[in-house]
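Participant: Supplied structure: final-v2.pdb, PDB, C-alpha atoms and all ligand atoms.
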MODEL        1
ATOM      1  CA  MET A   1      51.855  15.213 105.120
ATOM      2  CA  ALA A   2      55.490  14.151 105.547
ATOM      3  CA  VAL A   3      56.137  12.543 108.933
ATOM      4  CA  SER A   4      59.396  13.343 110.733
ATOM      5  CA  TYR A   5      61.060  10.757 112.907
ATOM      6  CA  PHE A   6      63.892  11.773 115.204
ATOM      7  CA  ASP A   7      66.400   9.227 116.385
ATOM      8  CA  SER A   8      69.133  11.229 118.071
ATOM      9  CA  ASP A   9      67.233  12.786 120.948
ATOM     10  CA  PHE A  10      70.166  12.441 123.401
ATOM     11  CA  ASP A  11      73.821  11.302 123.558
ATOM     12  CA  PHE A  12      74.705   7.655 124.136
ATOM     13  CA  GLU A  13      77.125   8.867 126.844
ATOM     14  CA  GLU A  14      74.090   9.799 128.945
ATOM     15  CA  LEU A  15      73.269   6.090 129.271
ATOM     16  CA  LEU A  16      76.769   5.023 130.348
ATOM     17  CA  ALA A  17      76.679   5.652 134.103
ATOM     18  CA  ASP A  18      73.402   3.780 134.725
ATOM     19  CA  GLY A  19      74.245   1.075 132.189
ATOM     20  CA  GLU A  20      77.680   0.307 133.606
ATOM     21  CA  GLU A  21      76.328   0.287 137.153
ATOM     22  CA  PHE A  22      73.579  -2.133 136.050
ATOM     23  CA  MET A  23      76.093  -4.480 134.390
ATOM     24  CA  LYS A  24      78.233  -4.490 137.571
ATOM     25  CA  THR A  25      75.201  -5.591 139.569
ATOM     26  CA  VAL A  26      74.198  -8.438 137.268
ATOM     27  CA  THR A  27      77.689  -9.750 136.574
ATOM     28  CA  ASN A  28      78.811  -9.670 140.234
ATOM     29  CA  SER A  29      75.851 -11.103 142.023
ATOM     30  CA  SER A  30      74.673 -13.734 139.573
ATOM     31  CA  ALA A  31      78.023 -15.151 138.453
ATOM     32  CA  SER A  32      77.669 -18.297 140.540
ATOM     33  CA  SER A  33      74.060 -19.054 139.541
ATOM     34  CA  MET A  34      74.312 -17.944 135.912
ATOM     35  CA  VAL A  35      73.497 -20.601 133.295
ATOM     36  CA  VAL A  36      74.827 -19.511 129.914
ATOM     37  CA  ILE A  37      72.534 -20.198 126.953
ATOM     38  CA  GLU A  38      73.454 -23.312 124.978
ATOM     39  CA  HIS A  39      72.588 -23.024 121.312
ATOM     40  CA  ASP A  40      71.145 -26.556 121.297
ATOM     41  CA  ASP A  41      68.690 -25.707 124.107
ATOM     42  CA  GLU A  42      65.499 -26.582 122.199
ATOM     43  CA  SER A  43      63.213 -24.684 124.599
ATOM     44  CA  ILE A  44      64.456 -21.237 123.533
ATOM     45  CA  GLY A  45      63.599 -21.200 119.831
ATOM     46  CA  ALA A  46      60.311 -22.139 118.198
ATOM     47  CA  PRO A  47      58.511 -23.469 121.340
ATOM     48  CA  ALA A  48      58.983 -20.226 123.297
ATOM     49  CA  TRP A  49      57.979 -18.095 120.315
ATOM     50  CA  ASN A  50      54.968 -20.296 119.479
ATOM     51  CA  ASP A  51      53.738 -19.813 123.056
ATOM     52  CA  PHE A  52      54.463 -16.103 122.822
ATOM     53  CA  HIS A  53      52.516 -15.610 119.581
ATOM     54  CA  THR A  54      49.636 -17.792 120.852
ATOM     55  CA  ASN A  55      49.355 -15.598 123.941
ATOM     56  CA  HIS A  56      49.500 -12.379 121.894
ATOM     57  CA  SER A  57      47.465 -13.591 118.934
ATOM     58  CA  THR A  58      45.687 -10.333 118.094
ATOM     59  CA  ALA A  59      48.767  -9.315 116.064
ATOM     60  CA  ASN A  60      48.755  -6.139 118.122
ATOM     61  CA  PHE A  61      51.686  -6.822 120.398
ATOM     62  CA  PHE A  62      54.336  -6.213 117.763
ATOM     63  CA  ARG A  63      52.561  -3.769 115.472
ATOM     64  CA  PRO A  64      53.826  -2.862 112.017
ATOM     65  CA  LYS A  65      56.565  -0.291 112.520
ATOM     66  CA  ARG A  66      55.528   2.838 110.652
ATOM     67  CA  TYR A  67      58.992   4.373 110.909
ATOM     68  CA  ILE A  68      60.572   1.691 108.674
ATOM     69  CA  PRO A  69      60.199   3.573 105.341
ATOM     70  CA  THR A  70      61.466   6.802 106.970
ATOM     71  CA  GLU A  71      64.418   5.136 108.670
ATOM     72  CA  PHE A  72      65.400   3.087 105.607
ATOM     73  CA  PRO A  73      64.746   5.433 102.653
ATOM     74  CA  GLN A  74      67.129   3.369 100.503
ATOM     75  CA  ALA A  75      64.722   0.419 100.800
ATOM     76  CA  LEU A  76      61.810   2.637  99.848
ATOM     77  CA  SER A  77      63.504   3.809  96.672
ATOM     78  CA  LEU A  78      63.746   0.165  95.526
ATOM     79  CA  LEU A  79      59.981   0.260  94.976
ATOM     80  CA  GLN A  80      60.599   2.112  91.724
ATOM     81  CA  SER A  81      61.992  -0.999  90.048
ATOM     82  CA  PRO A  82      61.210  -4.734  90.245
ATOM     83  CA  SER A  83      62.376  -5.888  93.683
ATOM     84  CA  THR A  84      62.060  -8.805  96.073
ATOM     85  CA  PHE A  85      61.833  -8.092  99.803
ATOM     86  CA  LEU A  86      62.399 -10.569 102.621
ATOM     87  CA  GLU A  87      61.310  -9.961 106.191
ATOM     88  CA  VAL A  88      63.001 -12.257 108.731
ATOM     89  CA  GLY A  89      61.382 -12.890 112.125
ATOM     90  CA  CYS A  90      58.383 -11.117 110.679
ATOM     91  CA  GLY A  91      55.964 -11.536 113.626
ATOM     92  CA  ALA A  92      52.938  -9.485 112.570
ATOM     93  CA  GLY A  93      54.719  -8.005 109.536
ATOM     94  CA  ALA A  94      56.652  -5.185 111.212
ATOM     95  CA  ALA A  95      58.341  -4.115 107.973
ATOM     96  CA  LEU A  96      56.177  -5.891 105.412
ATOM     97  CA  PHE A  97      53.010  -3.821 105.869
ATOM     98  CA  PRO A  98      54.708  -0.390 105.995
ATOM     99  CA  ILE A  99      56.454  -1.293 102.728
ATOM    100  CA  LEU A 100      53.225  -2.525 101.086
ATOM    101  CA  LYS A 101      51.465   0.633 102.311
ATOM    102  CA  ALA A 102      54.214   2.892 100.955
ATOM    103  CA  ARG A 103      53.939   1.101  97.631
ATOM    104  CA  SER A 104      50.169   1.433  97.445
ATOM    105  CA  GLU A 105      50.416   5.187  98.151
ATOM    106  CA  ASN A 106      53.307   5.951  95.830
ATOM    107  CA  GLU A 107      52.317   6.663  92.227
ATOM    108  CA  ASN A 108      55.961   6.174  91.143
ATOM    109  CA  ALA A 109      56.166   2.705  92.681
ATOM    110  CA  VAL A 110      55.559   0.912  89.438
ATOM    111  CA  GLY A 111      57.954  -2.015  89.741
ATOM    112  CA  VAL A 112      56.816  -5.576  90.312
ATOM    113  CA  CYS A 113      57.215  -6.198  94.022
ATOM    114  CA  LYS A 114      57.426  -9.635  95.570
ATOM    115  CA  CYS A 115      57.609 -10.135  99.337
ATOM    116  CA  VAL A 116      58.673 -13.146 101.365
ATOM    117  CA  ALA A 117      58.151 -13.278 105.129
ATOM    118  CA  ILE A 118      59.638 -15.915 107.418
ATOM    119  CA  ASP A 119      59.450 -16.687 111.119
ATOM    120  CA  VAL A 120      60.568 -19.576 113.328
ATOM    121  CA  SER A 121      57.047 -19.729 114.776
ATOM    122  CA  TYR A 122      54.253 -21.392 112.802
ATOM    123  CA  VAL A 123      51.769 -19.434 114.939
ATOM    124  CA  ALA A 124      53.294 -16.136 113.739
ATOM    125  CA  VAL A 125      53.281 -17.325 110.129
ATOM    126  CA  ASP A 126      49.590 -18.360 110.326
ATOM    127  CA  LEU A 127      48.684 -14.992 111.875
ATOM    128  CA  LEU A 128      50.586 -13.162 109.189
ATOM    129  CA  LYS A 129      48.855 -15.095 106.415
ATOM    130  CA  GLY A 130      45.520 -13.905 107.877
ATOM    131  CA  GLU A 131      46.752 -10.301 107.941
ATOM    132  CA  VAL A 132      47.902 -10.573 104.315
ATOM    133  CA  GLU A 133      44.398 -11.798 103.326
ATOM    134  CA  LYS A 134      42.880  -8.752 105.067
ATOM    135  CA  TRP A 135      45.372  -6.476 103.333
ATOM    136  CA  ASN A 136      44.464  -7.924  99.925
ATOM    137  CA  GLU A 137      40.748  -7.370 100.624
ATOM    138  CA  LYS A 138      41.449  -3.688 101.441
ATOM    139  CA  LEU A 139      43.590  -3.365  98.356
ATOM    140  CA  LYS A 140      40.793  -4.819  96.220
ATOM    141  CA  GLU A 141      38.355  -2.201  97.542
ATOM    142  CA  LYS A 142      40.849   0.589  96.905
ATOM    143  CA  LEU A 143      41.488  -0.571  93.354
ATOM    144  CA  LYS A 144      37.741  -0.882  92.702
ATOM    145  CA  GLU A 145      37.377   2.790  93.709
ATOM    146  CA  LYS A 146      40.212   3.810  91.392
ATOM    147  CA  LEU A 147      38.664   1.752  88.627
ATOM    148  CA  LYS A 148      35.316   3.514  89.121
ATOM    149  CA  GLU A 149      37.045   6.878  88.934
ATOM    150  CA  LYS A 150      38.874   5.553  85.833
ATOM    151  CA  ARG A 151      42.225   6.284  87.476
ATOM    152  CA  ILE A 152      43.438   2.828  86.518
ATOM    153  CA  GLU A 153      42.715   0.565  83.613
ATOM    154  CA  GLU A 154      44.279  -2.694  84.698
ATOM    155  CA  GLY A 155      42.423  -5.537  86.424
ATOM    156  CA  LEU A 156      42.363  -6.135  90.180
ATOM    157  CA  LYS A 157      45.363  -7.934  91.577
ATOM    158  CA  LYS A 158      46.694  -9.373  94.809
ATOM    159  CA  GLU A 159      50.007  -8.569  96.440
ATOM    160  CA  ASP A 160      52.563 -11.296  95.893
ATOM    161  CA  VAL A 161      53.449 -12.312  99.469
ATOM    162  CA  GLU A 162      54.773 -15.728 100.489
ATOM    163  CA  CYS A 163      55.061 -16.740 104.158
ATOM    164  CA  PHE A 164      57.210 -19.602 105.432
ATOM    165  CA  VAL A 165      58.251 -21.164 108.725
ATOM    166  CA  CYS A 166      62.047 -21.015 108.877
ATOM    167  CA  ASP A 167      64.672 -20.959 111.622
ATOM    168  CA  ILE A 168      67.259 -18.593 110.201
ATOM    169  CA  SER A 169      69.907 -19.791 112.650
ATOM    170  CA  LYS A 170      69.724 -23.294 111.164
ATOM    171  CA  ALA A 171      69.165 -22.848 107.415
ATOM    172  CA  PRO A 172      68.857 -20.204 104.693
ATOM    173  CA  PRO A 173      65.265 -19.219 103.812
ATOM    174  CA  PRO A 174      63.516 -21.620 101.366
ATOM    175  CA  ILE A 175      64.134 -19.397  98.344
ATOM    176  CA  PRO A 176      66.763 -19.492  95.578
ATOM    177  CA  PRO A 177      70.216 -18.173  96.560
ATOM    178  CA  SER A 178      70.990 -14.598  95.436
ATOM    179  CA  SER A 179      67.309 -13.856  94.751
ATOM    180  CA  ILE A 180      66.488 -11.086  97.281
ATOM    181  CA  THR A 181      66.964  -7.336  96.741
ATOM    182  CA  CYS A 182      66.370  -6.216 100.315
ATOM    183  CA  ILE A 183      66.141  -7.947 103.707
ATOM    184  CA  PHE A 184      64.548  -6.538 106.857
ATOM    185  CA  LEU A 185      65.944  -8.013 110.072
ATOM    186  CA  ILE A 186      63.979  -6.101 112.685
ATOM    187  CA  PHE A 187      64.139  -7.084 116.387
ATOM    188  CA  CYS A 188      64.843 -10.703 115.456
ATOM    189  CA  LEU A 189      68.576 -11.363 115.882
ATOM    190  CA  SER A 190      68.307 -10.420 119.567
ATOM    191  CA  SER A 191      65.973 -13.431 120.044
ATOM    192  CA  ILE A 192      68.572 -15.905 118.799
ATOM    193  CA  PRO A 193      71.386 -17.339 120.995
ATOM    194  CA  PRO A 194      74.523 -15.182 120.415
ATOM    195  CA  SER A 195      76.581 -18.210 119.311
ATOM    196  CA  LEU A 196      74.198 -18.415 116.312
ATOM    197  CA  PHE A 197      74.342 -14.740 115.254
ATOM    198  CA  LEU A 198      77.064 -15.348 112.680
ATOM    199  CA  PRO A 199      75.495 -18.478 111.079
ATOM    200  CA  SER A 200      72.163 -16.574 110.901
ATOM    201  CA  LEU A 201      73.738 -13.562 109.168
ATOM    202  CA  LYS A 202      75.623 -15.830 106.761
ATOM    203  CA  ASN A 203      72.353 -17.598 105.864
ATOM    204  CA  LEU A 204      70.874 -14.196 104.991
ATOM    205  CA  HIS A 205      73.955 -13.137 103.036
ATOM    206  CA  THR A 206      73.490 -16.245 100.848
ATOM    207  CA  CYS A 207      69.991 -15.308  99.708
ATOM    208  CA  LEU A 208      70.823 -11.637  98.863
ATOM    209  CA  LYS A 209      71.642 -10.574  95.303
ATOM    210  CA  LYS A 210      75.009  -8.915  94.732
ATOM    211  CA  GLY A 211      74.493  -5.270  95.742
ATOM    212  CA  GLY A 212      71.451  -6.302  97.828
ATOM    213  CA  LEU A 213      70.638  -4.511 101.089
ATOM    214  CA  LEU A 214      70.041  -5.588 104.678
ATOM    215  CA  CYS A 215      68.112  -3.219 106.956
ATOM    216  CA  PHE A 216      68.780  -3.968 110.610
ATOM    217  CA  ARG A 217      67.144  -2.578 113.730
ATOM    218  CA  ASP A 218      67.328  -4.173 117.185
ATOM    219  CA  TYR A 219      67.865  -3.487 120.874
ATOM    220  CA  GLY A 220      70.924  -1.329 121.590
ATOM    221  CA  LEU A 221      73.202  -1.476 124.599
ATOM    222  CA  TYR A 222      71.719   0.028 127.795
ATOM    223  CA  ASP A 223      68.274   0.399 126.259
ATOM    224  CA  MET A 224      65.650   1.074 128.929
ATOM    225  CA  THR A 225      64.350  -2.508 128.631
ATOM    226  CA  MET A 226      67.823  -3.923 129.414
ATOM    227  CA  LEU A 227      68.016  -2.100 132.713
ATOM    228  CA  ARG A 228      64.681  -3.621 133.757
ATOM    229  CA  PHE A 229      65.956  -7.212 133.730
ATOM    230  CA  LYS A 230      66.592  -8.942 137.061
ATOM    231  CA  LYS A 231      69.977 -10.403 137.860
ATOM    232  CA  GLU A 232      68.468 -13.945 137.797
ATOM    233  CA  GLN A 233      67.617 -13.391 134.120
ATOM    234  CA  TYR A 234      71.205 -12.671 133.091
ATOM    235  CA  LYS A 235      72.669 -15.263 130.697
ATOM    236  CA  GLY A 236      76.163 -13.875 130.094
ATOM    237  CA  GLY A 237      77.559 -11.272 127.688
ATOM    238  CA  LYS A 238      74.706  -8.854 126.968
ATOM    239  CA  THR A 239      71.973 -11.503 126.917
ATOM    240  CA  PHE A 240      68.941 -11.942 129.168
ATOM    241  CA  ARG A 241      66.101 -14.466 129.221
ATOM    242  CA  ARG A 242      62.532 -13.318 129.846
ATOM    243  CA  GLY A 243      60.102 -15.195 132.088
ATOM    244  CA  ASP A 244      58.389 -16.649 128.991
ATOM    245  CA  GLY A 245      61.650 -18.263 127.817
ATOM    246  CA  THR A 246      62.449 -15.815 124.977
ATOM    247  CA  LEU A 247      65.891 -14.221 124.735
ATOM    248  CA  SER A 248      67.041 -10.646 124.359
ATOM    249  CA  THR A 249      70.560  -9.541 123.508
ATOM    250  CA  PHE A 250      71.527  -5.852 123.481
ATOM    251  CA  PHE A 251      73.869  -4.845 120.660
ATOM    252  CA  GLU A 252      76.976  -2.711 120.988
ATOM    253  CA  VAL A 253      78.109  -0.733 117.922
ATOM    254  CA  GLU A 254      81.729  -1.865 117.535
ATOM    255  CA  GLU A 255      80.997  -5.549 118.219
ATOM    256  CA  SER A 256      78.117  -5.427 115.749
ATOM    257  CA  ARG A 257      80.308  -3.864 113.053
ATOM    258  CA  LYS A 258      82.822  -6.696 113.405
ATOM    259  CA  MET A 259      80.057  -9.311 113.307
ATOM    260  CA  PHE A 260      78.446  -7.841 110.158
ATOM    261  CA  GLU A 261      81.820  -7.651 108.403
ATOM    262  CA  GLU A 262      82.685 -11.209 109.383
ATOM    263  CA  ALA A 263      79.393 -12.349 107.833
ATOM    264  CA  GLY A 264      80.533 -10.758 104.540
ATOM    265  CA  PHE A 265      78.594  -7.461 104.530
ATOM    266  CA  GLU A 266      79.800  -3.990 103.657
ATOM    267  CA  ILE A 267      78.653  -1.542 106.319
ATOM    268  CA  VAL A 268      76.931   1.557 104.985
ATOM    269  CA  GLU A 269      75.645   2.646 108.395
ATOM    270  CA  CYS A 270      75.967   1.191 111.908
ATOM    271  CA  ARG A 271      75.072   3.429 114.832
ATOM    272  CA  TYR A 272      72.810   3.850 117.809
ATOM    273  CA  ALA A 273      69.353   5.342 117.240
ATOM    274  CA  LEU A 274      68.460   7.162 120.456
ATOM    275  CA  VAL A 275      64.814   8.007 120.986
ATOM    276  CA  GLU A 276      63.313   9.701 124.010
ATOM    277  CA  ASN A 277      59.624   9.245 124.781
ATOM    278  CA  PHE A 278      57.762  10.839 127.654
ATOM    279  CA  ASN A 279      55.205   8.962 129.743
ATOM    280  CA  ARG A 280      52.852  11.784 130.756
ATOM    281  CA  LYS A 281      50.862   9.607 133.159
ATOM    282  CA  LYS A 282      53.912   8.639 135.193
ATOM    283  CA  GLY A 283      55.902  11.769 134.368
ATOM    284  CA  VAL A 284      59.001   9.789 133.365
ATOM    285  CA  ARG A 285      61.436   9.985 130.462
ATOM    286  CA  LEU A 286      61.764   6.723 128.548
ATOM    287  CA  ARG A 287      65.141   6.474 126.872
ATOM    288  CA  ARG A 288      65.320   3.939 124.090
ATOM    289  CA  CYS A 289      68.548   2.834 122.460
ATOM    290  CA  PHE A 290      68.433   0.815 119.248
ATOM    291  CA  LEU A 291      71.185  -0.532 117.023
ATOM    292  CA  HIS A 292      70.491   0.775 113.535
ATOM    293  CA  ALA A 293      72.468  -0.685 110.641
ATOM    294  CA  PHE A 294      72.281  -0.622 106.903
ATOM    295  CA  LEU A 295      74.417  -3.254 105.124
ATOM    296  CA  ARG A 296      75.199  -4.225 101.567
ATOM    297  CA  LYS A 297      76.315  -7.460  99.904
ATOM    298  CA  VAL A 298      79.332  -6.577  97.779
TER     299      VAL A 298
HETATM  300  C1  LIG A 301      60.900  -9.612 119.220
HETATM  301  S1  LIG A 301      59.911 -10.412 117.982
HETATM  302  C2  LIG A 301      59.884  -9.142 116.734
HETATM  303  C3  LIG A 301      58.833  -9.330 115.694
HETATM  304  C4  LIG A 301      58.876  -8.290 114.557
HETATM  305  N1  LIG A 301      60.086  -8.388 113.776
HETATM  306  C5  LIG A 301      58.716  -6.894 115.120
HETATM  307  O1  LIG A 301      59.691  -6.132 115.131
HETATM  308  O2  LIG A 301      57.625  -6.547 115.546
HETATM  309  C6  LIG A 301      61.072 -11.587 117.343
HETATM  310  C7  LIG A 301      60.515 -12.408 116.191
HETATM  311  O3  LIG A 301      61.555 -13.228 115.657
HETATM  312  C8  LIG A 301      61.080 -14.567 115.506
HETATM  313  N2  LIG A 301      62.254 -15.441 115.622
HETATM  314  C9  LIG A 301      62.931 -15.773 116.746
HETATM  315  N3  LIG A 301      63.951 -16.596 116.463
HETATM  316  C10 LIG A 301      63.929 -16.786 115.109
HETATM  317  C11 LIG A 301      64.726 -17.577 114.215
HETATM  318  N4  LIG A 301      65.745 -18.304 114.670
HETATM  319  N5  LIG A 301      64.413 -17.561 112.884
HETATM  320  C12 LIG A 301      63.355 -16.821 112.434
HETATM  321  N6  LIG A 301      62.566 -16.083 113.245
HETATM  322  C13 LIG A 301      62.845 -16.051 114.563
HETATM  323  C14 LIG A 301      60.039 -14.718 116.618
HETATM  324  O4  LIG A 301      59.085 -15.725 116.399
HETATM  325  C15 LIG A 301      59.388 -13.337 116.631
HETATM  326  O5  LIG A 301      58.315 -13.252 115.726
ENDMDL
END
In structure tokens, write the structure found in this file.
Ligand SMILES: C[S@@+](CC[C@H](N)C(=O)[O-])C[C@H]1O[C@@H](n2cnc3c(N)ncnc32)[C@H](O)[C@@H]1O
Facilitator:
Amino acid sequence: MAVSYFDSDFDFEELLADGEEFMKTVTNSSASSMVVIEHDDESIGAPAWNDFHTNHSTANFFRPKRYIPTEFPQALSLLQSPSTFLEVGCGAGAALFPILKARSENENAVGVCKCVAIDVSYVAVDLLKGEVEKWNEKLKEKLKEKLKEKRIEEGLKKEDVECFVCDISKAPPPIPPSSITCIFLIFCLSSIPPSLFLPSLKNLHTCLKKGGLLCFRDYGLYDMTMLRFKKEQYKGGKTFRRGDGTLSTFFEVEESRKMFEEAGFEIVECRYALVENFNRKKGVRLRRCFLHAFLRKV
């Protein structure tokens, strides 16, 4: 059954009053105590994320995001020809597993598919390798069934997934330049100090083929989670630091457009995705705002 996913449940304007009021509070009262993030502050990158992934090691905290194939149909259509996918800041494989699943269920997805997943945290990469093993076991069982029913003739095979530790703000991924067809950058850029956004995007631009795609989804301005930060956690601009040391920046559409263009991308889509959930237990509306962008290397 086709699954619908709605991402314009309300107007961005509805978030403005609360959002602007919130920003007034944090910028006014914390200006004197605010310590802006330095990009050479070693405690905010790998160490914070290693601790995070160690404390949430069941790979359940950031689950694979099932909406990825629906929200990025252009990426899905690449499965019909040989393609190489890269997931950056992969955590538990937010985009990787939905793509592998879509491929395993799609009879037309005949192309050779290679996936590379990178994360700054070795803990995340080790967890992901374990999940890939489990996936391959499941795949083996599925193929055995098909073989029994004589729906396939070929031998059993494993998915071609490589996982590396890599800090995208410091270096391009350890793969040949211009070798990737499609990159997923999902809720990762927001974890990097803003002064390193542009170098990170340029590192990704380098490894994309000409005409290659970048699928971007991250926190949008005035998202519900932004308004929950305390003034002491404000780090300037639209950036906050959680109690565990990890960062979160909330992206605004026009600023993001400029940043993507400066990094060399053509913008196919760059907008807010606005999703309303309802918490029945508490009887409250949860209004989520994400920055959704779809970019191309020209
Ligand atoms: C908010 S989590 C999101 C995980 C996953 N993409 C998801 O959506 O569920 C951010 C991820 O980015 C990784 N990360 C943070 N900074 C990074 C960097 N400079 N280079 C590569 N990965 C990074 C973290 O380890 C973490 O797994």
Participant: Can you write out as CSV which residues of range 138-204 of chain A fall within 7 Å of range 117-131 of chain A, alongside each residue's closest atom pair and its distance in Å to one decimal, counting all atoms listed in the file and ordering rows by chain and ascending residue number?
Facilitator:
residue,atom,partner,partner_atom,distance
A:Glu162,CA,A:Ala117,CA,6.2
A:Cys163,CA,A:Ala117,CA,4.7
A:Phe164,CA,A:Ile118,CA,4.8
A:Val165,CA,A:Asp119,CA,5.2
A:Cys166,CA,A:Val120,CA,4.9
A:Asp167,CA,A:Val120,CA,4.7
Participant: What do you get, as a short mmCIF file (atom, residue, chain, number, x, y, z; two decimals) with C-alpha atoms, keeping the file's coordinate frame, if you spell out every residue that the PyMOL selection byres (((not hetatm)) within 8 of (chain A and resi 301)) selects here?
Facilitator:
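The resulting expr_39.cif:
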data_model
loop_
_atom_site.label_atom_id
_atom_site.label_comp_id
_atom_site.auth_asym_id
_atom_site.auth_seq_id
_atom_site.Cartn_x
_atom_site.Cartn_y
_atom_site.Cartn_z
CA GLY A 45 63.60 -21.20 119.83
CA ALA A 46 60.31 -22.14 118.20
CA TRP A 49 57.98 -18.10 120.32
CA ASN A 50 54.97 -20.30 119.48
CA PHE A 52 54.46 -16.10 122.82
CA HIS A 53 52.52 -15.61 119.58
CA PHE A 61 51.69 -6.82 120.40
CA PHE A 62 54.34 -6.21 117.76
CA ARG A 63 52.56 -3.77 115.47
CA PRO A 64 53.83 -2.86 112.02
CA LYS A 65 56.56 -0.29 112.52
CA GLU A 87 61.31 -9.96 106.19
CA VAL A 88 63.00 -12.26 108.73
CA GLY A 89 61.38 -12.89 112.12
CA CYS A 90 58.38 -11.12 110.68
CA GLY A 91 55.96 -11.54 113.63
CA ALA A 92 52.94 -9.48 112.57
CA GLY A 93 54.72 -8.01 109.54
CA ALA A 94 56.65 -5.18 111.21
CA ALA A 95 58.34 -4.12 107.97
CA ILE A 118 59.64 -15.92 107.42
CA ASP A 119 59.45 -16.69 111.12
CA VAL A 120 60.57 -19.58 113.33
CA SER A 121 57.05 -19.73 114.78
CA ALA A 124 53.29 -16.14 113.74
CA VAL A 165 58.25 -21.16 108.72
CA CYS A 166 62.05 -21.02 108.88
CA ASP A 167 64.67 -20.96 111.62
CA ILE A 168 67.26 -18.59 110.20
CA SER A 169 69.91 -19.79 112.65
CA LYS A 170 69.72 -23.29 111.16
CA LEU A 185 65.94 -8.01 110.07
CA ILE A 186 63.98 -6.10 112.68
CA PHE A 187 64.14 -7.08 116.39
CA CYS A 188 64.84 -10.70 115.46
CA LEU A 189 68.58 -11.36 115.88
CA SER A 190 68.31 -10.42 119.57
CA SER A 191 65.97 -13.43 120.04
CA ILE A 192 68.57 -15.90 118.80
CA SER A 200 72.16 -16.57 110.90
#
Participant: Have a look at CA of Lys202 in chain A and CA of Glu255 in chain A and let me know their distance in Å, one decimal.
Facilitator: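 Atom-to-atom, CA of Lys202 in chain A and CA of Glu255 in chain A are spaced 16.3 Å apart.
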Participant: When you draw a straight line from CA of Gly243 in chain A to CA of Leu221 in chain A, how long is it in Å?
Facilitator: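 Taking CA of Gly243 in chain A as the start and CA of Leu221 in chain A as the end point, the length is 20.4 Å.
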Participant: Provide the CA of Phe197 in chain A to CA of Thr84 in chain A distance in Å, to one decimal place.
Facilitator: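 CA of Thr84 in chain A lies at a distance of 23.5 Å from CA of Phe197 in chain A.
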Participant: Draw an axis-aligned box tight on the listed atoms of range 229-244 of chain A, then pad every side by 8 Å and write out centre and edge lengths in Å to one decimal as AutoDock Vina command-line options.
Facilitator:
--center_x 68.0 --center_y -11.9 --center_z 132.4 --size_x 35.2 --size_y 25.4 --size_z 26.9
Participant: What's the 10 Å shell around Val275 in chain A, counting only C-alpha atoms, without same-chain residues fewer than 3 positions away, as a ChimeraX atom specification?
Facilitator: /A:5-11,223,272,286-290
Participant: I need the output of the PyMOL selection byres (((chain A and resi 182) around 10) and not hetatm) for this file as a VMD selection string; which residues are they?
Facilitator: chain A and resid 74 to 76 78 83 to 87 115 179 to 181 183 to 185 207 to 209 211 to 215 295 to 296
Participant: Using all atoms listed in the file, determine which residues lie at most 10 Å from Arg285 in chain A, disregarding the query and same-chain residues fewer than 5 positions distant; provide the list as a count of residues only.
Facilitator: 6
Participant: Counting only C-alpha atoms, which residues in range 173-225 of chain A sit no more than 8 Å from range 259-266 of chain A? For each one, give the nearest pair of atoms and the distance in Å, sorted by chain then residue number, as a Markdown table.
Facilitator:
| residue | atom | partner | partner_atom | distance |
| --- | --- | --- | --- | --- |
| A:Leu198 | CA | A:Ala263 | CA | 6.2 |
| A:Pro199 | CA | A:Ala263 | CA | 8.0 |
| A:Leu201 | CA | A:Ala263 | CA | 5.9 |
| A:Lys202 | CA | A:Ala263 | CA | 5.2 |
| A:His205 | CA | A:Gly264 | CA | 7.2 |
Participant: Using all atoms listed in the file, can you list as number ranges by chain the residues within 9 Å of (51.6, -4.2, 98.9)?
Facilitator: A: 96-104, 113-115, 135-136, 139, 158-161
Participant: With C-alpha atoms kept, could you save the residues just selected as a compact mmCIF listing (two decimals), keeping the file's coordinate frame?
Facilitator:
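This is the output file result-v1.txt:
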# COMPACT_ATOMS: atom_id res chain seq x y z
CA LEU A 96 56.18 -5.89 105.41
CA PHE A 97 53.01 -3.82 105.87
CA PRO A 98 54.71 -0.39 106.00
CA ILE A 99 56.45 -1.29 102.73
CA LEU A 100 53.22 -2.52 101.09
CA LYS A 101 51.46 0.63 102.31
CA ALA A 102 54.21 2.89 100.96
CA ARG A 103 53.94 1.10 97.63
CA SER A 104 50.17 1.43 97.44
CA CYS A 113 57.22 -6.20 94.02
CA LYS A 114 57.43 -9.64 95.57
CA CYS A 115 57.61 -10.14 99.34
CA TRP A 135 45.37 -6.48 103.33
CA ASN A 136 44.46 -7.92 99.92
CA LEU A 139 43.59 -3.36 98.36
CA LYS A 158 46.69 -9.37 94.81
CA GLU A 159 50.01 -8.57 96.44
CA ASP A 160 52.56 -11.30 95.89
CA VAL A 161 53.45 -12.31 99.47
Participant: Using all atoms listed in the file, which residue out of A:Lys138, A:Asp218, A:Val116, A:Pro194 lies closest to Lys238 in chain A?
Facilitator: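 Once distances to Lys238 in chain A are computed over all atoms listed in the file, the minimum belongs to A:Pro194.
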Participant: Would you mind telling me which residue in A:Asn55, A:Met226, A:Leu291, A:Glu141 lies nearest to Phe251 in chain A when using only C-alpha atoms?
Facilitator: A:Leu291
